[in-house]
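Next up, final_12.pdb (PDB, C-alpha atoms and all ligand atoms):
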```
MODEL        1
ATOM      1  CA  MET A 412      11.734 146.119 -21.069
ATOM      2  CA  SER A 413      15.446 145.197 -21.399
ATOM      3  CA  GLU A 414      16.268 147.386 -24.440
ATOM      4  CA  THR A 415      13.905 150.234 -23.495
ATOM      5  CA  LEU A 416      15.761 153.382 -22.512
ATOM      6  CA  ILE A 417      14.972 154.757 -19.080
ATOM      7  CA  LEU A 418      15.713 158.471 -18.842
ATOM      8  CA  HIS A 419      16.420 159.952 -15.407
ATOM      9  CA  HIS A 420      15.711 163.670 -15.861
ATOM     10  CA  TYR A 421      13.670 166.666 -14.783
ATOM     11  CA  ASP A 422      11.322 168.581 -17.028
ATOM     12  CA  ALA A 423      13.209 171.910 -16.951
ATOM     13  CA  SER A 424      16.571 170.348 -17.916
ATOM     14  CA  PRO A 425      17.741 171.574 -21.358
ATOM     15  CA  TYR A 426      20.184 168.685 -21.898
ATOM     16  CA  ALA A 427      17.324 166.324 -21.079
ATOM     17  CA  GLU A 428      15.172 168.205 -23.600
ATOM     18  CA  LYS A 429      17.823 167.461 -26.234
ATOM     19  CA  ILE A 430      17.384 163.731 -25.563
ATOM     20  CA  ARG A 431      13.570 163.896 -25.166
ATOM     21  CA  LEU A 432      13.271 165.533 -28.604
ATOM     22  CA  MET A 433      15.564 162.897 -30.118
ATOM     23  CA  LEU A 434      13.250 160.283 -28.626
ATOM     24  CA  GLY A 435      10.264 162.119 -30.094
ATOM     25  CA  TRP A 436      11.882 162.281 -33.514
ATOM     26  CA  THR A 437      13.003 158.627 -33.570
ATOM     27  CA  GLY A 438       9.665 157.401 -32.193
ATOM     28  CA  LEU A 439      11.443 155.076 -29.746
ATOM     29  CA  ARG A 440       9.383 153.996 -26.759
ATOM     30  CA  TRP A 441      10.986 155.205 -23.520
ATOM     31  CA  HIS A 442      10.530 155.309 -19.783
ATOM     32  CA  SER A 443      10.803 158.503 -17.788
ATOM     33  CA  VAL A 444      11.958 158.656 -14.168
ATOM     34  CA  LEU A 445      11.702 162.162 -12.778
ATOM     35  CA  SER A 446      14.647 163.354 -10.682
ATOM     36  CA  PRO A 447      14.884 166.360  -8.366
ATOM     37  CA  PRO A 448      16.468 169.425 -10.063
ATOM     38  CA  GLN A 449      19.493 169.101  -7.787
ATOM     39  CA  PRO A 450      21.257 166.351  -5.797
ATOM     40  CA  PRO A 451      20.639 164.210  -3.843
ATOM     41  CA  ARG A 452      18.828 162.116  -6.470
ATOM     42  CA  PRO A 453      17.684 158.969  -4.722
ATOM     43  CA  ASN A 454      16.153 157.677  -7.971
ATOM     44  CA  VAL A 455      19.517 157.354  -9.672
ATOM     45  CA  ASP A 456      22.464 158.069  -7.306
ATOM     46  CA  PRO A 457      22.562 154.407  -6.151
ATOM     47  CA  LEU A 458      23.032 153.366  -9.798
ATOM     48  CA  SER A 459      25.339 156.111 -11.077
ATOM     49  CA  GLY A 460      27.478 156.352  -7.947
ATOM     50  CA  GLY A 461      26.753 160.052  -7.519
ATOM     51  CA  TYR A 462      27.423 161.443 -11.022
ATOM     52  CA  ARG A 463      25.894 164.857 -10.503
ATOM     53  CA  ARG A 464      24.570 165.861 -13.888
ATOM     54  CA  ILE A 465      21.318 165.216 -15.662
ATOM     55  CA  PRO A 466      20.194 163.475 -17.808
ATOM     56  CA  ILE A 467      21.291 159.910 -17.110
ATOM     57  CA  GLY A 468      20.197 157.040 -19.326
ATOM     58  CA  GLN A 469      19.706 153.443 -18.264
ATOM     59  CA  ILE A 470      19.142 150.206 -20.100
ATOM     60  CA  GLY A 471      18.921 147.372 -17.571
ATOM     61  CA  ALA A 472      22.177 147.293 -15.561
ATOM     62  CA  ASP A 473      23.970 149.704 -17.934
ATOM     63  CA  VAL A 474      23.900 153.358 -16.918
ATOM     64  CA  PHE A 475      24.821 156.160 -19.332
ATOM     65  CA  CYS A 476      26.246 159.449 -18.064
ATOM     66  CA  ASP A 477      26.280 162.466 -20.403
ATOM     67  CA  THR A 478      24.195 163.066 -23.527
ATOM     68  CA  PHE A 479      27.207 162.014 -25.654
ATOM     69  CA  VAL A 480      26.821 158.357 -24.674
ATOM     70  CA  ILE A 481      23.023 158.583 -24.468
ATOM     71  CA  ALA A 482      22.966 159.845 -28.083
ATOM     72  CA  GLN A 483      25.289 156.996 -29.110
ATOM     73  CA  GLU A 484      22.800 154.568 -27.572
ATOM     74  CA  LEU A 485      19.832 156.210 -29.323
ATOM     75  CA  ALA A 486      21.619 156.197 -32.681
ATOM     76  CA  ARG A 487      22.126 152.464 -32.235
ATOM     77  CA  LEU A 488      18.632 151.663 -30.911
ATOM     78  CA  ALA A 489      16.825 153.661 -33.607
ATOM     79  CA  ASP A 490      19.401 153.004 -36.321
ATOM     80  CA  THR A 491      19.758 156.749 -36.971
ATOM     81  CA  PRO A 492      23.420 157.524 -37.751
ATOM     82  CA  SER A 493      22.678 161.274 -37.899
ATOM     83  CA  LEU A 494      22.424 161.230 -34.083
ATOM     84  CA  ASP A 495      25.736 159.451 -33.546
ATOM     85  CA  PRO A 496      28.300 161.799 -31.952
ATOM     86  CA  GLU A 497      31.167 159.667 -33.265
ATOM     87  CA  ARG A 498      30.137 160.498 -36.812
ATOM     88  CA  VAL A 499      30.224 164.253 -36.217
ATOM     89  CA  ALA A 500      32.909 166.278 -38.005
ATOM     90  CA  GLY A 501      33.562 169.642 -39.642
ATOM     91  CA  GLU A 502      30.853 172.288 -39.420
ATOM     92  CA  ALA A 503      28.542 170.084 -37.370
ATOM     93  CA  ALA A 504      31.269 169.636 -34.740
ATOM     94  CA  GLU A 505      31.812 173.408 -34.649
ATOM     95  CA  ILE A 506      28.107 174.137 -34.154
ATOM     96  CA  ILE A 507      27.867 171.577 -31.355
ATOM     97  CA  ALA A 508      31.006 172.820 -29.570
ATOM     98  CA  ARG A 509      29.722 176.370 -29.694
ATOM     99  CA  ALA A 510      26.134 175.568 -28.700
ATOM    100  CA  GLU A 511      27.179 173.420 -25.749
ATOM    101  CA  GLY A 512      30.046 175.713 -24.765
ATOM    102  CA  ASP A 513      29.687 179.485 -24.536
ATOM    103  CA  VAL A 514      26.136 179.611 -25.881
ATOM    104  CA  PHE A 515      24.754 177.234 -23.252
ATOM    105  CA  PHE A 516      25.965 179.493 -20.458
ATOM    106  CA  ALA A 517      25.125 182.696 -22.360
ATOM    107  CA  ALA A 518      21.533 181.438 -22.695
ATOM    108  CA  ILE A 519      21.159 182.157 -18.954
ATOM    109  CA  GLY A 520      23.816 184.857 -18.502
ATOM    110  CA  SER A 521      22.116 187.059 -21.118
ATOM    111  CA  VAL A 522      18.821 187.155 -19.215
ATOM    112  CA  SER A 523      18.354 190.056 -16.801
ATOM    113  CA  PRO A 524      18.727 188.919 -13.165
ATOM    114  CA  LEU A 525      15.229 190.209 -12.322
ATOM    115  CA  THR A 526      13.591 188.243 -15.155
ATOM    116  CA  LEU A 527      15.537 185.131 -14.164
ATOM    117  CA  LEU A 528      14.439 185.541 -10.567
ATOM    118  CA  GLY A 529      10.812 185.772 -11.735
ATOM    119  CA  THR A 530      11.173 182.608 -13.835
ATOM    120  CA  LEU A 531      12.717 180.621 -10.993
ATOM    121  CA  LEU A 532      10.104 181.867  -8.508
ATOM    122  CA  ARG A 533       7.256 180.857 -10.840
ATOM    123  CA  THR A 534       8.644 177.406 -11.540
ATOM    124  CA  MET A 535      10.091 176.474  -8.141
ATOM    125  CA  GLY A 536       8.579 178.731  -5.492
ATOM    126  CA  PRO A 537      10.752 180.690  -3.017
ATOM    127  CA  LEU A 538      12.209 177.710  -1.151
ATOM    128  CA  GLY A 539      12.860 175.683  -4.288
ATOM    129  CA  MET A 540      14.532 178.689  -5.848
ATOM    130  CA  LEU A 541      16.859 179.207  -2.881
ATOM    131  CA  ARG A 542      17.775 175.528  -2.823
ATOM    132  CA  PHE A 543      18.429 175.568  -6.559
ATOM    133  CA  ALA A 544      20.500 178.786  -6.499
ATOM    134  CA  ARG A 545      22.627 177.506  -3.621
ATOM    135  CA  ASP A 546      23.201 174.201  -5.394
ATOM    136  CA  ARG A 547      24.207 175.751  -8.723
ATOM    137  CA  ALA A 548      26.538 178.257  -7.053
ATOM    138  CA  GLY A 549      28.253 175.308  -5.313
ATOM    139  CA  MET A 550      28.428 173.315  -8.543
ATOM    140  CA  MET A 551      30.192 176.135 -10.363
ATOM    141  CA  GLN A 552      32.763 176.586  -7.598
ATOM    142  CA  GLY A 553      35.002 173.767  -8.810
ATOM    143  CA  ALA A 554      34.292 174.574 -12.466
ATOM    144  CA  THR A 555      36.928 175.220 -15.112
ATOM    145  CA  VAL A 556      34.462 177.146 -17.341
ATOM    146  CA  LYS A 557      33.653 180.791 -16.746
ATOM    147  CA  PRO A 558      30.051 181.574 -17.729
ATOM    148  CA  PRO A 559      29.666 184.853 -19.666
ATOM    149  CA  GLN A 560      27.305 187.426 -18.168
ATOM    150  CA  GLY A 561      25.391 190.559 -19.225
ATOM    151  CA  GLU A 562      26.438 192.255 -22.481
ATOM    152  CA  ALA A 563      29.135 189.646 -23.238
ATOM    153  CA  ALA A 564      26.474 186.910 -23.006
ATOM    154  CA  ARG A 565      23.947 188.898 -25.056
ATOM    155  CA  SER A 566      26.531 189.391 -27.800
ATOM    156  CA  ILE A 567      27.218 185.615 -27.881
ATOM    157  CA  MET A 568      23.483 184.952 -28.241
ATOM    158  CA  ARG A 569      23.094 187.503 -31.041
ATOM    159  CA  SER A 570      25.998 186.151 -33.049
ATOM    160  CA  PHE A 571      24.808 182.542 -32.583
ATOM    161  CA  LEU A 572      21.292 183.448 -33.718
ATOM    162  CA  ASP A 573      22.709 185.383 -36.699
ATOM    163  CA  GLU A 574      24.827 182.412 -37.710
ATOM    164  CA  LEU A 575      21.951 179.924 -37.387
ATOM    165  CA  ASP A 576      19.621 182.223 -39.302
ATOM    166  CA  GLN A 577      22.040 182.474 -42.221
ATOM    167  CA  ARG A 578      22.719 178.754 -42.221
ATOM    168  CA  LEU A 579      19.001 177.941 -42.207
ATOM    169  CA  ALA A 580      18.183 180.112 -45.230
ATOM    170  CA  GLY A 581      16.502 177.774 -47.718
ATOM    171  CA  ARG A 582      16.973 174.640 -45.609
ATOM    172  CA  ASP A 583      15.019 172.817 -42.929
ATOM    173  CA  PHE A 584      17.895 171.571 -40.767
ATOM    174  CA  LEU A 585      21.378 172.779 -39.909
ATOM    175  CA  VAL A 586      23.645 170.254 -41.577
ATOM    176  CA  GLU A 587      21.765 167.407 -43.229
ATOM    177  CA  THR A 588      18.377 167.085 -44.929
ATOM    178  CA  GLU A 589      17.076 165.404 -41.781
ATOM    179  CA  PRO A 590      17.632 166.481 -38.170
ATOM    180  CA  SER A 591      21.070 165.552 -36.879
ATOM    181  CA  LEU A 592      22.920 165.838 -33.608
ATOM    182  CA  ALA A 593      23.852 169.445 -34.508
ATOM    183  CA  ASP A 594      20.160 170.451 -34.591
ATOM    184  CA  PHE A 595      19.359 168.912 -31.198
ATOM    185  CA  SER A 596      22.526 170.381 -29.670
ATOM    186  CA  ALA A 597      21.786 173.863 -31.019
ATOM    187  CA  PHE A 598      18.143 173.674 -29.993
ATOM    188  CA  HIS A 599      18.407 173.036 -26.268
ATOM    189  CA  PRO A 600      20.335 176.200 -25.260
ATOM    190  CA  LEU A 601      17.757 178.254 -27.184
ATOM    191  CA  TRP A 602      14.963 176.371 -25.410
ATOM    192  CA  LEU A 603      16.646 177.273 -22.102
ATOM    193  CA  HIS A 604      16.948 180.909 -23.218
ATOM    194  CA  VAL A 605      13.282 181.108 -24.262
ATOM    195  CA  ALA A 606      12.117 179.513 -20.999
ATOM    196  CA  SER A 607      14.365 181.673 -18.780
ATOM    197  CA  ARG A 608      13.473 184.899 -20.590
ATOM    198  CA  ARG A 609       9.795 183.928 -20.924
ATOM    199  CA  HIS A 610       9.973 185.375 -24.391
ATOM    200  CA  PRO A 611       9.984 183.685 -27.801
ATOM    201  CA  ILE A 612      12.927 183.998 -30.193
ATOM    202  CA  ASP A 613      13.019 187.429 -31.786
ATOM    203  CA  SER A 614      11.001 187.432 -35.045
ATOM    204  CA  ARG A 615      13.899 189.088 -36.895
ATOM    205  CA  TYR A 616      15.515 185.607 -36.885
ATOM    206  CA  GLY A 617      12.707 184.203 -39.045
ATOM    207  CA  ASN A 618      14.593 181.106 -40.248
ATOM    208  CA  VAL A 619      15.521 180.217 -36.677
ATOM    209  CA  VAL A 620      11.933 180.724 -35.495
ATOM    210  CA  ARG A 621      10.608 178.314 -38.157
ATOM    211  CA  TRP A 622      13.356 175.764 -37.460
ATOM    212  CA  TYR A 623      12.692 176.051 -33.699
ATOM    213  CA  GLU A 624       9.010 175.248 -34.297
ATOM    214  CA  ARG A 625       9.981 172.323 -36.556
ATOM    215  CA  MET A 626      12.259 170.912 -33.837
ATOM    216  CA  GLU A 627       9.690 171.506 -31.084
ATOM    217  CA  SER A 628       7.046 169.669 -33.097
ATOM    218  CA  PHE A 629       8.912 166.341 -32.628
ATOM    219  CA  GLY A 630       7.622 166.357 -29.056
ATOM    220  CA  HIS A 631       8.620 163.675 -26.581
ATOM    221  CA  GLY A 632       7.102 160.695 -28.381
ATOM    222  CA  ALA A 633       6.156 157.504 -26.567
ATOM    223  CA  ARG A 634       7.017 158.593 -23.020
ATOM    224  CA  GLU A 635       5.812 156.485 -20.117
ATOM    225  CA  GLU A 636       6.367 157.492 -16.493
ATOM    226  CA  LEU A 637       8.104 154.873 -14.393
ATOM    227  CA  ASP A 638       8.305 154.515 -10.640
ATOM    228  CA  PRO A 639      12.003 154.710  -9.564
ATOM    229  CA  GLU A 640      11.581 151.289  -7.945
ATOM    230  CA  ARG A 641      10.934 149.812 -11.409
ATOM    231  CA  ALA A 642      14.196 151.338 -12.654
ATOM    232  CA  PHE A 643      16.033 149.605  -9.783
ATOM    233  CA  GLU A 644      14.265 146.358 -10.708
ATOM    234  CA  ALA A 645      15.442 146.762 -14.304
ATOM    235  CA  ALA A 646      19.007 147.210 -13.019
ATOM    236  CA  ARG A 647      18.891 143.814 -11.265
ATOM    237  CA  ALA A 648      20.063 142.160 -14.463
ATOM    238  CA  GLU A 649      23.379 141.208 -15.983
ATOM    239  CA  PRO A 650      25.149 144.189 -17.593
ATOM    240  CA  ARG A 651      25.433 143.689 -21.324
ATOM    241  CA  PRO A 652      28.617 142.314 -22.957
ATOM    242  CA  LEU A 653      31.532 144.746 -22.936
ATOM    243  CA  PRO A 654      32.917 146.353 -26.098
ATOM    244  CA  SER A 655      36.449 145.376 -27.054
ATOM    245  CA  ALA A 656      39.205 147.978 -27.145
ATOM    246  CA  ASP A 657      39.542 149.730 -30.512
ATOM    247  CA  GLY A 658      43.212 150.606 -29.897
ATOM    248  CA  GLU A 659      45.878 149.593 -27.442
ATOM    249  CA  ALA A 660      44.401 147.923 -24.326
ATOM    250  CA  ASP A 661      44.185 150.293 -21.336
ATOM    251  CA  ALA A 662      46.637 149.145 -18.647
ATOM    252  CA  ARG A 663      44.164 150.215 -15.938
ATOM    253  CA  ILE A 664      41.553 147.583 -16.876
ATOM    254  CA  GLY A 665      40.628 145.688 -13.705
ATOM    255  CA  GLN A 666      41.908 148.512 -11.477
ATOM    256  CA  ARG A 667      40.052 150.950  -9.301
ATOM    257  CA  VAL A 668      39.546 154.268 -11.043
ATOM    258  CA  SER A 669      37.685 157.525 -10.641
ATOM    259  CA  VAL A 670      35.944 159.284 -13.514
ATOM    260  CA  ALA A 671      34.798 162.915 -13.421
ATOM    261  CA  PRO A 672      33.734 165.690 -15.810
ATOM    262  CA  THR A 673      36.504 168.237 -16.279
ATOM    263  CA  ASP A 674      34.330 171.328 -16.877
ATOM    264  CA  TYR A 675      31.653 171.641 -14.162
ATOM    265  CA  GLY A 676      29.781 169.366 -11.766
ATOM    266  CA  THR A 677      33.147 167.656 -11.329
ATOM    267  CA  VAL A 678      32.014 164.991  -8.835
ATOM    268  CA  ALA A 679      33.976 161.771  -9.354
ATOM    269  CA  VAL A 680      32.459 158.304  -9.641
ATOM    270  CA  THR A 681      34.666 155.427  -8.538
ATOM    271  CA  GLY A 682      34.628 151.779  -9.532
ATOM    272  CA  THR A 683      36.584 149.156 -11.449
ATOM    273  CA  LEU A 684      37.532 149.982 -15.009
ATOM    274  CA  VAL A 685      36.109 147.179 -17.142
ATOM    275  CA  ALA A 686      36.312 148.647 -20.657
ATOM    276  CA  ALA A 687      37.895 151.601 -22.426
ATOM    277  CA  THR A 688      37.458 152.469 -26.089
ATOM    278  CA  SER A 689      38.468 155.661 -27.872
ATOM    279  CA  SER A 690      35.054 157.207 -27.176
ATOM    280  CA  ARG A 691      33.907 155.789 -23.838
ATOM    281  CA  CYS A 692      34.981 154.097 -20.652
ATOM    282  CA  ILE A 693      32.930 151.740 -18.517
ATOM    283  CA  VAL A 694      33.229 151.386 -14.773
ATOM    284  CA  ALA A 695      31.730 148.477 -12.807
ATOM    285  CA  ARG A 696      30.150 149.351  -9.483
ATOM    286  CA  GLN A 697      28.785 147.042  -6.817
ATOM    287  CA  THR A 698      25.497 148.427  -5.562
ATOM    288  CA  GLU A 699      23.599 147.468  -2.429
ATOM    289  CA  GLY A 700      20.272 146.626  -3.944
ATOM    290  CA  CYS A 701      20.974 145.947  -7.625
ATOM    291  CA  GLY A 702      24.209 143.962  -7.783
ATOM    292  CA  THR A 703      26.775 144.977 -10.388
ATOM    293  CA  VAL A 704      26.020 147.905 -12.676
ATOM    294  CA  HIS A 705      28.166 149.227 -15.504
ATOM    295  CA  VAL A 706      28.416 153.005 -15.681
ATOM    296  CA  HIS A 707      29.399 154.444 -19.070
ATOM    297  CA  PHE A 708      31.146 157.804 -19.568
ATOM    298  CA  PRO A 709      32.472 159.624 -22.641
ATOM    299  CA  ARG A 710      36.264 159.934 -22.852
ATOM    300  CA  ARG A 711      36.092 163.506 -24.125
ATOM    301  CA  GLY A 712      35.539 166.045 -21.353
ATOM    302  CA  PHE A 713      36.111 163.486 -18.581
ATOM    303  CA  SER A 714      39.175 162.559 -16.553
ATOM    304  CA  LEU A 715      39.950 158.894 -15.883
ATOM    305  CA  GLU A 716      42.395 158.275 -13.082
ATOM    306  CA  LYS A 717      43.654 155.337 -11.089
ATOM    307  CA  THR A 718      42.675 155.806  -7.423
TER     308      THR A 718
HETATM  309  N1  LIG A 801      27.822 167.496 -20.948
HETATM  310  C1  LIG A 801      26.664 167.121 -20.162
HETATM  311  C2  LIG A 801      25.984 168.372 -19.615
HETATM  312  C3  LIG A 801      24.743 168.066 -18.791
HETATM  313  C4  LIG A 801      24.306 169.239 -17.948
HETATM  314  O1  LIG A 801      24.991 170.264 -17.792
HETATM  315  N2  LIG A 801      23.142 169.105 -17.371
HETATM  316  C5  LIG A 801      22.653 170.117 -16.485
HETATM  317  C6  LIG A 801      21.134 170.105 -16.506
HETATM  318  S1  LIG A 801      20.517 170.468 -18.092
HETATM  319  C7  LIG A 801      23.021 169.728 -15.078
HETATM  320  O2  LIG A 801      23.312 168.587 -14.829
HETATM  321  N3  LIG A 801      23.011 170.659 -14.158
HETATM  322  C8  LIG A 801      23.275 170.322 -12.814
HETATM  323  C9  LIG A 801      22.266 169.405 -12.218
HETATM  324  O3  LIG A 801      21.170 169.198 -12.776
HETATM  325  O4  LIG A 801      22.549 168.890 -11.137
HETATM  326  C10 LIG A 801      25.743 166.286 -21.043
HETATM  327  O5  LIG A 801      25.837 166.366 -22.272
HETATM  328  O6  LIG A 801      24.977 165.478 -20.486
ENDMDL
END
```
Mind turning the file's structure into structure tokens?
Ligand SMILES: N[C@@H](CCC(=O)N[C@@H](CS)C(=O)NCC(=O)O)C(=O)O
Amino acid sequence: MSETLILHHYDASPYAEKIRLMLGWTGLRWHSVLSPPQPPRPNVDPLSGGYRRIPIGQIGADVFCDTFVIAQELARLADTPSLDPERVAGEAAEIIARAEGDVFFAAIGSVSPLTLLGTLLRTMGPLGMLRFARDRAGMMQGATVKPPQGEAARSIMRSFLDELDQRLAGRDFLVETEPSLADFSAFHPLWLHVASRRHPIDSRYGNVVRWYERMESFGHGAREELDPERAFEAARAEPRPLPSADGEADARIGQRVSVAPTDYGTVAVTGTLVAATSSRCIVARQTEGCGTVHVHFPRRGFSLEKT
């Protein structure tokens, strides 16, 4: 099981859906460990050190925070360069930045509060909904992003859908002839929007509707549910060899550092910096039950500070 990806996620998570669809498309076998929709997450907190976002990937004693590094791992495992975030440039980079920036938040902010309430009540029940709402309000308190609401959010959604519809005229995927990271990144906010609104994408965006169905048809592939205990067992291994620096060596290697997202869910993870490349940093953590684990973070969108 050493090279099999374990995904810590919950079914309603759009960023997890991005990765699940990539797994479906690549046909990679994977293990699923279901997490609660909000912290605490006893299935993965002991490994990640409290990183508060979902999804989290794991291969043995290596733990991957953020879909940027998870996609890097999938591109490597499935030998599919079109999924590799480091390869992204130009128009693809613009689509991704937009989809995972304003559009992601507008996907919720554009839904009427009453409809959203109904969706949350149906999926979580009254207590679950209160717990979830309280958690997300707290998470956004330290955030540096300001989610658009109401008409501003609806206008962002309309212009995104217009742009995708034009781009998809006469083509199956957004940038390449096969699905690429841009497609998966543009898909998941729309999936969130459809689920929150309980309404399919408007039929006037016919190219988007057909593309959406094409993306959805990849499914989740060879998914196998795993007991969290088995994920801890998998972590009781040696972390894999470290990458070497691709530029000047980071002077903080060997020192205690804290790493945190800079946009939202800004909870810091602390440990010893063991590797830093231009695209990711790796922090070693001593855990109680699993020995040393290496936690990987992207450099972009994360702070890395000596503690
Ligand atoms: N940039 C992150 C964003 C992940 C993200 O925002 N995930 C949402 C769920 S889809 C989240 O963690 N929300 C708070 C939570 O689940 O605790 C990534 O690419 O992984």
Around all the atoms of ligand LIG 801 (chain A) listed in the file, with 8 Å of room on each side, what axis-aligned box do you get, giving centre and edge lengths in Å to one decimal, as lines of an AutoDock Vina configuration file?
```
center_x = 24.2
center_y = 168.1
center_z = -16.7
size_x = 23.3
size_y = 21.2
size_z = 27.1
```
- Between A:Val586, A:Val556, A:Leu418, A:Ala517, which has the minimum distance to Ser570 in chain A (counting all atoms listed in the file)?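 The closest residue to Ser570 in chain A is A:Ala517.
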- Task: For range 426-435 of chain A, please output as a list in words all residues within 7 Å (counting all atoms listed in the file; exclusion window: fewer than 2 positions along the same chain).
- Result: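 In the requested form, the answer reads His420, Ser424, Thr437, Gly438, Leu439, Ile465, Pro466, Phe595, Ser596, His599, Phe629, Gly630, His631 and Gly632 of chain A.
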- Task: Expand the PyMOL selection byres (((chain A and resi 681) around 6) and not hetatm) into the individual residues it matches in the shown file, reporting them as a PyMOL selection string.
- Result: chain A and resi 668-669+680+682
- Mind telling me what the PyMOL selection byres (((not hetatm)) within 7 of (chain A and resi 801)) catches here, as an MDAnalysis selection string? chainID A and resid 424:427 448:450 463:466 476:479 547 676
Write out, as an mmCIF file, in the frame of the given file, the residues just selected, with C-alpha atoms.
```cif
data_model
loop_
_atom_site.group_PDB
_atom_site.id
_atom_site.type_symbol
_atom_site.label_atom_id
_atom_site.label_comp_id
_atom_site.auth_asym_id
_atom_site.auth_seq_id
_atom_site.Cartn_x
_atom_site.Cartn_y
_atom_site.Cartn_z
ATOM 1 C CA SER A 424 16.571 170.348 -17.916
ATOM 2 C CA PRO A 425 17.741 171.574 -21.358
ATOM 3 C CA TYR A 426 20.184 168.685 -21.898
ATOM 4 C CA ALA A 427 17.324 166.324 -21.079
ATOM 5 C CA PRO A 448 16.468 169.425 -10.063
ATOM 6 C CA GLN A 449 19.493 169.101 -7.787
ATOM 7 C CA PRO A 450 21.257 166.351 -5.797
ATOM 8 C CA ARG A 463 25.894 164.857 -10.503
ATOM 9 C CA ARG A 464 24.570 165.861 -13.888
ATOM 10 C CA ILE A 465 21.318 165.216 -15.662
ATOM 11 C CA PRO A 466 20.194 163.475 -17.808
ATOM 12 C CA CYS A 476 26.246 159.449 -18.064
ATOM 13 C CA ASP A 477 26.280 162.466 -20.403
ATOM 14 C CA THR A 478 24.195 163.066 -23.527
ATOM 15 C CA PHE A 479 27.207 162.014 -25.654
ATOM 16 C CA ARG A 547 24.207 175.751 -8.723
ATOM 17 C CA GLY A 676 29.781 169.366 -11.766
#
```
- Would you mind telling me which residue in A:Pro457, A:Gly529, A:Gly658, A:Pro492 lies nearest to Glu589 in chain A when using all atoms listed in the file? A:Pro492
- May I ask which of the residues A:Thr698, A:Ser566, A:Thr677, A:Ser690 is the closest one to Ala554 in chain A, counting only C-alpha atoms?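 Answer, going by the shortest atom-to-atom distance: A:Thr677.
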- Message: What does the structure give for the distance between CA of Ala563 in chain A and CA of Val619 in chain A, in Å to one decimal?
- Response: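 Atom-to-atom, CA of Ala563 in chain A to CA of Val619 in chain A, that is 21.3 Å.
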- Task: With the file shown as input, list the residues that the PyMOL selection byres (((chain A and resi 696) around 8) and not hetatm) selects, as number ranges by chain.
- Result: A: 460, 681-683, 694-695, 697-698, 703-706
- Could you jot down the CA of Arg582 in chain A to CA of Arg509 in chain A separation for me, Å, one decimal place? 20.5 Å
